[in-house]
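*Asks:* protein-v9.cif is reproduced below (mmCIF, C-alpha atoms and all ligand atoms).
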data_work
#
loop_
_atom_site.label_atom_id
_atom_site.label_comp_id
_atom_site.auth_asym_id
_atom_site.auth_seq_id
_atom_site.Cartn_x
_atom_site.Cartn_y
_atom_site.Cartn_z
CA MET A 1 0.00 0.00 0.00
CA SER A 2 1.26 3.51 -0.75
CA GLU A 3 2.93 5.16 2.24
CA ARG A 4 1.30 8.39 1.20
CA LEU A 5 -2.18 7.13 2.00
CA PRO A 6 -3.42 8.61 5.29
CA ILE A 7 -3.65 6.73 8.60
CA THR A 8 -6.97 7.62 10.14
CA VAL A 9 -7.60 7.76 13.88
CA ALA A 10 -9.77 4.62 13.62
CA GLN A 11 -6.96 2.67 11.91
CA HIS A 12 -4.41 3.92 14.43
CA LEU A 13 -6.59 2.91 17.39
CA LEU A 14 -7.27 -0.56 16.05
CA GLU A 15 -3.56 -1.14 15.40
CA GLN A 16 -2.57 0.25 18.81
CA GLN A 17 -5.18 -1.91 20.58
CA LYS A 18 -4.13 -5.04 18.66
CA ARG A 19 -0.50 -4.45 19.59
CA ARG A 20 -1.10 -3.69 23.27
CA PHE A 21 -4.10 -5.93 23.98
CA PRO A 22 -4.17 -8.76 21.41
CA ASP A 23 -7.42 -10.13 22.89
CA ALA A 24 -9.24 -6.78 22.85
CA SER A 25 -12.70 -6.92 21.34
CA GLY A 26 -12.42 -3.60 19.53
CA GLU A 27 -15.22 -2.07 21.59
CA PHE A 28 -12.92 0.62 22.96
CA SER A 29 -12.23 1.78 19.40
CA TRP A 30 -15.98 1.69 18.81
CA LEU A 31 -16.45 4.02 21.81
CA LEU A 32 -13.81 6.40 20.48
CA SER A 33 -15.57 6.53 17.12
CA GLY A 34 -18.58 7.95 19.01
CA ILE A 35 -16.37 10.85 20.12
CA THR A 36 -14.94 11.44 16.64
CA LEU A 37 -18.44 11.38 15.13
CA ALA A 38 -19.81 13.85 17.70
CA THR A 39 -16.85 16.20 17.41
CA LYS A 40 -17.08 16.22 13.60
CA MET A 41 -20.70 17.31 14.03
CA VAL A 42 -19.57 20.04 16.45
CA ALA A 43 -16.74 21.11 14.11
CA ALA A 44 -19.26 21.54 11.29
CA GLU A 45 -21.46 23.74 13.51
CA VAL A 46 -18.52 25.79 14.82
CA ARG A 47 -17.38 26.42 11.21
CA ARG A 48 -20.78 27.94 10.43
CA ALA A 49 -21.15 29.64 13.81
CA GLY A 50 -21.72 33.15 12.46
CA LEU A 51 -24.53 32.04 10.13
CA GLY A 52 -28.17 31.28 10.81
CA ASN A 53 -28.46 32.63 14.35
CA LYS A 54 -26.25 29.90 15.87
CA LEU A 55 -24.20 32.28 18.02
CA GLY A 56 -25.11 33.78 21.36
CA ALA A 57 -26.46 32.69 24.69
CA THR A 58 -29.59 30.63 25.33
CA GLY A 59 -30.53 32.81 28.31
CA ASP A 60 -29.96 29.89 30.74
CA SER A 61 -27.07 29.29 33.16
CA ASN A 62 -25.43 25.95 33.87
CA VAL A 63 -24.74 24.34 37.24
CA GLN A 64 -21.64 26.55 37.63
CA GLY A 65 -23.78 29.66 37.17
CA GLU A 66 -22.19 30.39 33.79
CA GLU A 67 -24.11 31.61 30.77
CA VAL A 68 -24.95 28.74 28.40
CA GLN A 69 -24.24 29.35 24.71
CA LYS A 70 -26.41 27.80 21.98
CA LEU A 71 -23.41 25.88 20.72
CA ASP A 72 -22.76 24.50 24.25
CA VAL A 73 -26.18 22.91 24.08
CA TYR A 74 -25.59 21.53 20.59
CA ALA A 75 -22.16 20.08 21.51
CA ASN A 76 -23.55 18.51 24.69
CA GLU A 77 -26.44 16.92 22.83
CA ALA A 78 -24.15 15.65 20.05
CA LEU A 79 -21.89 13.89 22.57
CA LEU A 80 -24.78 12.48 24.63
CA HIS A 81 -26.46 11.26 21.44
CA CYS A 82 -23.40 9.67 19.83
CA LEU A 83 -21.94 8.11 22.99
CA GLY A 84 -25.24 7.08 24.56
CA ARG A 85 -25.92 4.74 21.66
CA ARG A 86 -22.57 2.90 21.60
CA GLY A 87 -23.89 0.07 23.78
CA ASN A 88 -20.85 -0.02 26.05
CA VAL A 89 -20.95 3.43 27.68
CA GLY A 90 -22.83 3.23 30.99
CA VAL A 91 -22.41 6.74 32.37
CA LEU A 92 -21.94 10.12 30.73
CA ALA A 93 -20.98 13.13 32.82
CA SER A 94 -20.82 16.59 31.30
CA GLU A 95 -19.95 20.10 32.38
CA GLU A 96 -23.40 21.07 31.14
CA ASN A 97 -25.37 18.57 33.29
CA ASP A 98 -25.77 18.86 37.07
CA THR A 99 -25.48 15.11 37.60
CA PRO A 100 -24.13 12.19 35.55
CA VAL A 101 -26.49 10.66 32.99
CA VAL A 102 -26.82 6.91 33.41
CA VAL A 103 -27.46 5.37 30.00
CA LEU A 104 -26.99 1.71 30.94
CA GLN A 105 -27.68 0.65 34.53
CA ASN A 106 -25.91 -2.70 34.32
CA PRO A 107 -22.14 -2.12 34.70
CA SER A 108 -21.27 -5.33 32.88
CA HIS A 109 -22.85 -3.87 29.73
CA GLY A 110 -22.20 -0.19 30.22
CA LYS A 111 -18.65 -0.65 31.40
CA TYR A 112 -17.23 2.71 30.37
CA ILE A 113 -17.71 6.21 31.76
CA VAL A 114 -17.06 9.26 29.62
CA VAL A 115 -16.64 12.61 31.37
CA PHE A 116 -16.48 15.67 29.12
CA ASP A 117 -16.57 19.40 28.66
CA PRO A 118 -18.54 19.60 25.40
CA LEU A 119 -17.41 23.08 24.33
CA ASP A 120 -14.72 24.61 26.46
CA GLY A 121 -14.01 28.32 26.10
CA SER A 122 -17.43 28.88 24.54
CA SER A 123 -17.57 32.48 25.73
CA ASN A 124 -14.98 33.07 22.97
CA LEU A 125 -17.28 31.81 20.22
CA ASP A 126 -18.78 35.18 19.31
CA LEU A 127 -15.24 36.42 18.63
CA ASN A 128 -14.25 33.57 16.28
CA ILE A 129 -11.58 32.41 18.75
CA SER A 130 -10.63 28.73 19.04
CA VAL A 131 -12.69 26.51 21.33
CA GLY A 132 -12.44 22.81 22.18
CA THR A 133 -14.03 19.61 23.45
CA ILE A 134 -12.23 17.79 26.29
CA PHE A 135 -12.91 14.18 27.33
CA SER A 136 -11.76 11.56 29.81
CA ILE A 137 -12.62 7.84 29.67
CA LEU A 138 -12.84 5.72 32.83
CA ALA A 139 -13.78 2.14 33.57
CA ARG A 140 -16.89 1.60 35.68
CA ASP A 141 -16.22 -0.84 38.47
CA GLY A 142 -19.82 -1.10 39.57
CA SER A 143 -18.95 -1.29 43.28
CA ALA A 144 -19.76 2.37 44.00
CA SER A 145 -22.99 3.16 45.83
CA ASP A 146 -24.54 4.59 42.68
CA ALA A 147 -23.48 5.10 39.09
CA GLY A 148 -22.77 8.77 39.79
CA ALA A 149 -20.24 7.89 42.48
CA ASP A 150 -18.41 5.68 39.96
CA VAL A 151 -17.39 8.86 38.17
CA LEU A 152 -15.36 10.13 41.15
CA GLN A 153 -12.06 8.46 40.27
CA PRO A 154 -8.59 10.02 40.43
CA GLY A 155 -7.05 10.92 37.07
CA ASP A 156 -4.53 8.11 37.41
CA ARG A 157 -7.34 5.70 36.59
CA GLN A 158 -8.14 7.28 33.23
CA LEU A 159 -8.07 4.72 30.41
CA ALA A 160 -7.79 7.42 27.79
CA ALA A 161 -8.22 11.15 27.41
CA GLY A 162 -8.09 13.76 24.72
CA TYR A 163 -9.35 16.98 23.27
CA VAL A 164 -10.54 18.32 19.96
CA LEU A 165 -9.38 21.82 19.11
CA TYR A 166 -11.64 23.75 16.74
CA GLY A 167 -8.95 26.12 15.51
CA SER A 168 -7.67 27.14 12.13
CA SER A 169 -7.94 23.40 11.51
CA THR A 170 -9.80 20.85 13.64
CA MET A 171 -7.47 18.60 15.52
CA LEU A 172 -7.87 15.61 17.86
CA VAL A 173 -5.12 14.99 20.41
CA TYR A 174 -5.40 11.69 22.22
CA THR A 175 -3.65 9.36 24.67
CA SER A 176 -4.49 5.95 26.04
CA GLY A 177 -1.32 5.75 28.12
CA ASP A 178 0.92 4.82 25.20
CA GLY A 179 2.11 8.24 24.02
CA VAL A 180 0.23 11.19 22.59
CA TYR A 181 -1.03 11.30 19.01
CA GLY A 182 -2.50 14.16 17.02
CA PHE A 183 -4.94 13.83 14.10
CA THR A 184 -6.11 16.64 11.83
CA LEU A 185 -9.61 16.56 10.39
CA ASP A 186 -9.27 16.35 6.61
CA PRO A 187 -12.44 18.05 5.36
CA ALA A 188 -11.98 16.47 1.93
CA ILE A 189 -12.54 12.94 3.29
CA GLY A 190 -14.29 13.74 6.58
CA ALA A 191 -11.76 11.78 8.67
CA PHE A 192 -9.23 12.58 11.37
CA VAL A 193 -5.86 11.76 9.82
CA MET A 194 -2.61 11.22 11.72
CA SER A 195 -0.63 14.46 11.52
CA HIS A 196 1.38 14.51 14.77
CA PRO A 197 2.71 11.05 15.72
CA ASN A 198 4.13 10.56 19.21
CA ILE A 199 3.99 14.17 20.42
CA LYS A 200 6.64 15.15 22.98
CA MET A 201 6.47 18.40 24.96
CA PRO A 202 9.79 20.28 24.78
CA ALA A 203 11.71 19.85 28.07
CA ARG A 204 11.92 23.63 28.31
CA GLY A 205 9.99 26.39 26.56
CA SER A 206 10.02 30.15 26.30
CA LEU A 207 6.31 30.95 26.77
CA TYR A 208 4.13 31.33 29.86
CA SER A 209 0.37 31.53 29.83
CA VAL A 210 -1.77 32.95 32.63
CA ASN A 211 -4.54 35.48 33.14
CA GLU A 212 -2.35 38.10 34.80
CA ALA A 213 -5.32 40.35 35.54
CA ASN A 214 -5.96 38.02 38.50
CA MET A 215 -2.41 38.30 39.82
CA ASP A 216 -3.22 40.13 43.07
CA GLY A 217 -5.23 37.11 44.20
CA PHE A 218 -2.59 34.49 43.31
CA PRO A 219 -0.74 32.63 46.09
CA GLU A 220 2.47 34.36 47.03
CA TYR A 221 4.78 31.65 45.62
CA CYS A 222 2.98 31.97 42.33
CA ARG A 223 3.49 35.75 42.23
CA ARG A 224 7.19 35.21 42.97
CA TYR A 225 7.39 32.62 40.21
CA LEU A 226 5.79 35.05 37.75
CA HIS A 227 8.32 37.62 38.77
CA TRP A 228 11.09 35.08 38.00
CA LEU A 229 9.52 34.34 34.60
CA LYS A 230 9.60 38.05 33.79
CA SER A 231 13.16 38.56 35.01
CA SER A 232 16.22 37.52 33.09
CA GLU A 233 17.62 35.51 36.02
CA ASP A 234 19.03 32.10 35.09
CA ASP A 235 18.69 32.95 31.39
CA ALA A 236 14.94 32.97 31.87
CA ILE A 237 13.74 34.87 28.84
CA TYR A 238 10.03 34.37 28.46
CA SER A 239 7.24 35.81 26.40
CA SER A 240 3.58 35.59 27.41
CA ARG A 241 0.61 34.19 25.44
CA TYR A 242 -2.94 33.88 26.76
CA ILE A 243 -5.99 33.06 24.67
CA GLY A 244 -8.47 32.34 27.49
CA SER A 245 -9.49 29.06 25.89
CA LEU A 246 -7.91 26.13 27.77
CA VAL A 247 -7.64 23.72 24.86
CA ALA A 248 -5.92 26.31 22.67
CA ASP A 249 -3.64 27.54 25.46
CA PHE A 250 -2.70 23.98 26.39
CA HIS A 251 -2.22 22.87 22.77
CA ARG A 252 0.34 25.62 22.28
CA THR A 253 2.05 24.64 25.56
CA LEU A 254 2.12 20.98 24.44
CA LEU A 255 3.77 21.76 21.12
CA ARG A 256 6.00 24.68 22.10
CA GLY A 257 6.68 24.00 25.80
CA GLY A 258 6.63 26.46 28.69
CA ILE A 259 3.85 26.65 31.27
CA PHE A 260 0.10 27.24 31.48
CA MET A 261 -1.32 28.29 34.85
CA TYR A 262 -4.74 28.86 36.34
CA PRO A 263 -3.92 29.46 40.03
CA PRO A 264 -6.41 30.21 42.82
CA THR A 265 -7.69 33.78 42.44
CA ALA A 266 -9.64 36.24 44.56
CA ARG A 267 -12.82 35.15 42.74
CA TYR A 268 -12.04 31.42 42.47
CA SER A 269 -10.28 30.42 45.70
CA LYS A 270 -9.86 26.83 44.48
CA GLY A 271 -8.99 27.77 40.90
CA LYS A 272 -11.47 28.04 38.05
CA LEU A 273 -10.86 24.90 36.03
CA ARG A 274 -12.68 21.65 36.68
CA LEU A 275 -10.75 18.60 37.87
CA LEU A 276 -12.60 15.76 36.19
CA TYR A 277 -13.15 17.01 32.67
CA GLU A 278 -10.55 19.77 32.26
CA ALA A 279 -7.49 19.25 34.49
CA ASN A 280 -7.35 15.42 34.51
CA PRO A 281 -7.44 14.83 30.74
CA ILE A 282 -5.00 17.71 30.15
CA ALA A 283 -2.67 16.31 32.87
CA PHE A 284 -2.78 12.80 31.36
CA ILE A 285 -1.79 14.15 27.94
CA ALA A 286 0.92 16.39 29.44
CA GLU A 287 2.51 13.53 31.39
CA GLN A 288 2.34 11.17 28.43
CA ALA A 289 4.16 13.81 26.38
CA GLY A 290 6.92 14.17 29.02
CA GLY A 291 5.47 17.20 30.82
CA MET A 292 4.00 17.62 34.31
CA ALA A 293 0.76 18.84 35.92
CA THR A 294 0.14 19.88 39.54
CA ASP A 295 -2.29 21.88 41.65
CA GLY A 296 0.65 23.51 43.48
CA ARG A 297 0.65 20.85 46.23
CA GLN A 298 0.25 17.53 44.47
CA ARG A 299 0.13 15.84 41.10
CA ILE A 300 -3.23 16.55 39.45
CA MET A 301 -3.82 12.87 38.66
CA ASP A 302 -3.41 11.87 42.35
CA ILE A 303 -6.30 14.06 43.55
CA GLN A 304 -9.25 12.03 44.84
CA PRO A 305 -12.33 13.89 43.59
CA ASP A 306 -15.31 14.41 45.84
CA SER A 307 -17.72 15.99 43.41
CA LEU A 308 -18.31 15.99 39.68
CA HIS A 309 -17.86 19.71 39.11
CA GLN A 310 -15.07 20.36 41.61
CA ARG A 311 -12.50 22.95 40.68
CA THR A 312 -8.75 22.83 41.02
CA PRO A 313 -5.78 25.12 40.51
CA LEU A 314 -3.87 23.90 37.43
CA TYR A 315 -0.22 24.33 36.55
CA VAL A 316 0.85 22.32 33.52
CA GLY A 317 3.84 22.41 31.25
CA SER A 318 7.41 21.46 30.45
CA LYS A 319 9.58 19.67 32.97
CA TYR A 320 11.93 22.64 33.47
CA GLU A 321 9.28 25.30 34.09
CA MET A 322 7.27 22.93 36.28
CA GLU A 323 10.26 22.01 38.43
CA ARG A 324 11.05 25.70 38.90
CA LEU A 325 7.45 26.35 39.90
CA MET A 326 7.51 23.52 42.44
CA ALA A 327 10.74 24.83 43.91
CA PHE A 328 8.99 28.20 44.50
CA ALA A 329 5.94 26.40 45.95
CA LYS A 330 8.11 24.36 48.35
CA LYS A 331 10.05 27.33 49.68
CA LYS A 332 7.17 28.60 51.76
CA GLY A 333 4.69 25.80 51.20
CA ALA A 334 1.92 26.22 48.65
CA GLU A 335 -0.98 28.26 50.00
P1 LIG B 401 -15.69 27.37 30.44
O1 LIG B 401 -15.58 25.88 30.72
O2 LIG B 401 -16.86 27.98 31.10
O3 LIG B 401 -15.60 27.67 28.97
O4 LIG B 401 -14.46 28.09 31.21
C1 LIG B 401 -13.18 27.57 31.08
C2 LIG B 401 -12.30 28.56 30.36
C3 LIG B 401 -11.05 27.89 29.90
O5 LIG B 401 -11.14 27.51 28.56
C4 LIG B 401 -10.00 28.96 30.08
O6 LIG B 401 -8.73 28.42 30.38
C5 LIG B 401 -10.52 29.78 31.22
O7 LIG B 401 -11.94 29.55 31.26
C6 LIG B 401 -10.28 31.23 31.03
O8 LIG B 401 -10.72 31.91 32.15
P2 LIG B 401 -10.47 33.49 32.35
O9 LIG B 401 -11.35 34.17 31.36
O10 LIG B 401 -10.86 33.73 33.77
O11 LIG B 401 -9.00 33.75 32.11
MG MG B 402 -14.73 24.32 30.30
#
Could you take the file, read its structure, and then write that structure out as structure tokens?

*Replies:*
Amino acid sequence: MSERLPITVAQHLLEQQKRRFPDASGEFSWLLSGITLATKMVAAEVRRAGLGNKLGATGDSNVQGEEVQKLDVYANEALLHCLGRRGNVGVLASEENDTPVVVLQNPSHGKYIVVFDPLDGSSNLDLNISVGTIFSILARDGSASDAGADVLQPGDRQLAAGYVLYGSSTMLVYTSGDGVYGFTLDPAIGAFVMSHPNIKMPARGSLYSVNEANMDGFPEYCRRYLHWLKSSEDDAIYSSRYIGSLVADFHRTLLRGGIFMYPPTARYSKGKLRLLYEANPIAFIAEQAGGMATDGRQRIMDIQPDSLHQRTPLYVGSKYEMERLMAFAKKKGAE
């Protein structure tokens, strides 16, 4: 076969599963195809966002008290619809729903849980700025008191995680614990095609990314660290980039290195980002690419969650910048 023919995400997953788990039934790849189908539907809507009254808010707020955009609703429905009919997904938990949706009661049939943020950064949509879908896949052990409690697993137990970035192109970045792979949606054939095999985060970068308007409320070690980033001590010569859309800010950090931070702030004393469907999947990808992710005290993927929508501070990036951050945090103890 010609080497120039594309490898699609479906082909890659089947090959990866066959190599790592020769007895695998292929149902995991089937689950993933639910995510690629839903995100292609979302990508098509996002592309036409300015047309036909698709933009703007619905007038409702979600469980976090944030304004719901029309495209949030569409993306949530697309994921619930595509994943809920796979036959092996038991529980779906979304940023947009107060509680997890149980689609299959019996854990031996519905053995997977998918936790997701259907359209992250959606407040940027009206401005034609990149947004994304983030997802995390867990196994359901069935021993929890109810299906909802099954969702509350530390990030270390993720089977797979990824995001789709609706940017100048649409891209899926994915890990199942065997490296990080990137696929670009080829609109000509309607398939995600391998474009970034085995992504590695540079060990050191030259960019930092944080909403500095919140700086007065940051923990003291974090303010000192920012000061170091801005100084030229230790050859630290950094530039700043901040989009305000986690998937886009992290994607740049993954490819270029450096650090992305959302520390505790005066408004969000525990940080703004959500542990289960924002920080955990991002941390899994970062670690698989050779980077690190912490909340300032501990590794993100070691945190035992106690609620579906819980927030966490998030610091994620290259080994060098992360080790420097942790040295600042240790000096006085992270607040
Ligand atoms: P959302 O899930 O309501 O879209 O909020 C999450 C977004 C992230 O994409 C981004 O990193 C962060 O909020 C930006 O927050 P801020 O505007 O406070 O800098
Ligand atoms: Mg979000």

*Asks:* If we draw a sphere of 8 Å around (-25.7, 32.6, 27.1), which residues have at least one atom in it when counting all atoms listed in the file? Please report them as a CSV table (one decimal) with C-alpha atoms, keeping the file's coordinate frame.

*Replies:*
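Resulting contents of out07.csv:
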chain,number,residue,atom,x,y,z
A,56,GLY,CA,-25.1,33.8,21.4
A,57,ALA,CA,-26.5,32.7,24.7
A,58,THR,CA,-29.6,30.6,25.3
A,59,GLY,CA,-30.5,32.8,28.3
A,60,ASP,CA,-30.0,29.9,30.7
A,61,SER,CA,-27.1,29.3,33.2
A,66,GLU,CA,-22.2,30.4,33.8
A,67,GLU,CA,-24.1,31.6,30.8
A,68,VAL,CA,-25.0,28.7,28.4
A,69,GLN,CA,-24.2,29.4,24.7
A,70,LYS,CA,-26.4,27.8,22.0

*Asks:* Would you tabulate, counting only C-alpha atoms and all ligand atoms, all residues of chain A that have an atom at most 10 Å from an atom of ligand MG 402 (chain B), showing the closest pair of atoms and their distance in Å to one decimal, sorted by chain then ascending number, as a tab-separated table?

*Replies:*
residue	atom	partner	partner_atom	distance
A:Ser94	CA	B:MG402	MG	9.9
A:Glu95	CA	B:MG402	MG	7.0
A:Glu96	CA	B:MG402	MG	9.3
A:Phe116	CA	B:MG402	MG	8.9
A:Asp117	CA	B:MG402	MG	5.5
A:Pro118	CA	B:MG402	MG	7.8
A:Leu119	CA	B:MG402	MG	6.7
A:Asp120	CA	B:MG402	MG	3.9
A:Gly121	CA	B:MG402	MG	5.8
A:Ser122	CA	B:MG402	MG	7.8
A:Ser123	CA	B:MG402	MG	9.8
A:Val131	CA	B:MG402	MG	9.5
A:Gly132	CA	B:MG402	MG	8.6
A:Thr133	CA	B:MG402	MG	8.3
A:Ile134	CA	B:MG402	MG	8.1
A:Ser245	CA	B:MG402	MG	8.3
A:Leu246	CA	B:MG402	MG	7.5
A:Val247	CA	B:MG402	MG	9.0
A:Lys272	CA	B:MG402	MG	9.2
A:Leu273	CA	B:MG402	MG	6.9
A:Arg274	CA	B:MG402	MG	7.2
A:Tyr277	CA	B:MG402	MG	7.8
A:Glu278	CA	B:MG402	MG	6.5
A:Ala279	CA	B:MG402	MG	9.8

*Asks:* Using only C-alpha atoms and all ligand atoms, which residue out of A:Tyr320, A:Tyr225, A:Tyr262, A:Phe135 lies closest to ligand LIG 401 (chain B)?

*Replies:*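 The closest residue to ligand LIG 401 (chain B) is A:Tyr262.
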
*Asks:* Return the single residue from A:Ile137, A:Ala49, A:Ile199, A:Leu165 that is closest to ligand LIG 401 (chain B), with distances computed using only C-alpha atoms and all ligand atoms.

*Replies:*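 Smallest separation from ligand LIG 401 (chain B) among the options: A:Leu165.
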
*Asks:* Please report the interatomic distance between atom CA of A:Lys230 and atom CA of A:Gly290 in Å with one decimal.

*Replies:*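 Computing the Euclidean distance for atom CA of A:Lys230 and atom CA of A:Gly290 yields 24.5 Å.
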
*Asks:* List the neighbours of A:Ile35 out to 7 Å using all atoms listed in the file; skip same-chain residues closer than 4 positions along the sequence, and give me the result as a list in words.

*Replies:*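 Final neighbour list, sorted by chain and number: Thr39, Leu79 and Leu83 of chain A.
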
*Asks:* Will you model N, CA, C and O atoms for stretch 265-276 of chain A and pass it back as a PDB file, in the frame of the given file?

*Replies:*
ATOM      1  N   THR A 265      -7.589  32.326  42.618  1.00  0.00           N
ATOM      2  CA  THR A 265      -7.690  33.780  42.440  1.00  0.00           C
ATOM      3  C   THR A 265      -8.617  34.328  43.528  1.00  0.00           C
ATOM      4  O   THR A 265      -9.251  33.562  44.257  1.00  0.00           O
ATOM      5  N   ALA A 266      -8.741  35.655  43.565  1.00  0.00           N
ATOM      6  CA  ALA A 266      -9.640  36.240  44.560  1.00  0.00           C
ATOM      7  C   ALA A 266     -11.075  35.744  44.321  1.00  0.00           C
ATOM      8  O   ALA A 266     -11.817  35.450  45.255  1.00  0.00           O
ATOM      9  N   ARG A 267     -11.451  35.585  43.040  1.00  0.00           N
ATOM     10  CA  ARG A 267     -12.820  35.150  42.740  1.00  0.00           C
ATOM     11  C   ARG A 267     -12.994  33.636  42.883  1.00  0.00           C
ATOM     12  O   ARG A 267     -14.012  33.154  43.348  1.00  0.00           O
ATOM     13  N   TYR A 268     -11.976  32.883  42.418  1.00  0.00           N
ATOM     14  CA  TYR A 268     -12.040  31.420  42.470  1.00  0.00           C
ATOM     15  C   TYR A 268     -10.948  30.927  43.424  1.00  0.00           C
ATOM     16  O   TYR A 268      -9.813  30.689  43.014  1.00  0.00           O
ATOM     17  N   SER A 269     -11.315  30.753  44.699  1.00  0.00           N
ATOM     18  CA  SER A 269     -10.280  30.420  45.700  1.00  0.00           C
ATOM     19  C   SER A 269      -9.708  29.037  45.491  1.00  0.00           C
ATOM     20  O   SER A 269      -8.631  28.721  45.989  1.00  0.00           O
ATOM     21  N   LYS A 270     -10.413  28.164  44.757  1.00  0.00           N
ATOM     22  CA  LYS A 270      -9.860  26.830  44.480  1.00  0.00           C
ATOM     23  C   LYS A 270      -9.437  26.708  43.023  1.00  0.00           C
ATOM     24  O   LYS A 270      -9.277  25.597  42.506  1.00  0.00           O
ATOM     25  N   GLY A 271      -9.280  27.829  42.330  1.00  0.00           N
ATOM     26  CA  GLY A 271      -8.990  27.770  40.900  1.00  0.00           C
ATOM     27  C   GLY A 271     -10.302  27.717  40.133  1.00  0.00           C
ATOM     28  O   GLY A 271     -11.356  27.422  40.716  1.00  0.00           O
ATOM     29  N   LYS A 272     -10.236  27.993  38.833  1.00  0.00           N
ATOM     30  CA  LYS A 272     -11.470  28.040  38.050  1.00  0.00           C
ATOM     31  C   LYS A 272     -11.757  26.726  37.316  1.00  0.00           C
ATOM     32  O   LYS A 272     -12.904  26.373  37.087  1.00  0.00           O
ATOM     33  N   LEU A 273     -10.686  26.037  36.941  1.00  0.00           N
ATOM     34  CA  LEU A 273     -10.860  24.900  36.030  1.00  0.00           C
ATOM     35  C   LEU A 273     -11.360  23.667  36.775  1.00  0.00           C
ATOM     36  O   LEU A 273     -11.107  23.505  37.973  1.00  0.00           O
ATOM     37  N   ARG A 274     -12.050  22.815  36.066  1.00  0.00           N
ATOM     38  CA  ARG A 274     -12.680  21.650  36.680  1.00  0.00           C
ATOM     39  C   ARG A 274     -11.755  20.437  36.624  1.00  0.00           C
ATOM     40  O   ARG A 274     -11.109  20.184  35.598  1.00  0.00           O
ATOM     41  N   LEU A 275     -11.690  19.719  37.755  1.00  0.00           N
ATOM     42  CA  LEU A 275     -10.750  18.600  37.870  1.00  0.00           C
ATOM     43  C   LEU A 275     -11.053  17.470  36.883  1.00  0.00           C
ATOM     44  O   LEU A 275     -10.172  17.017  36.152  1.00  0.00           O
ATOM     45  N   LEU A 276     -12.320  17.023  36.876  1.00  0.00           N
ATOM     46  CA  LEU A 276     -12.600  15.760  36.190  1.00  0.00           C
ATOM     47  C   LEU A 276     -12.581  15.858  34.671  1.00  0.00           C
ATOM     48  O   LEU A 276     -12.166  14.922  34.006  1.00  0.00           O
TER      49      LEU A 276
END
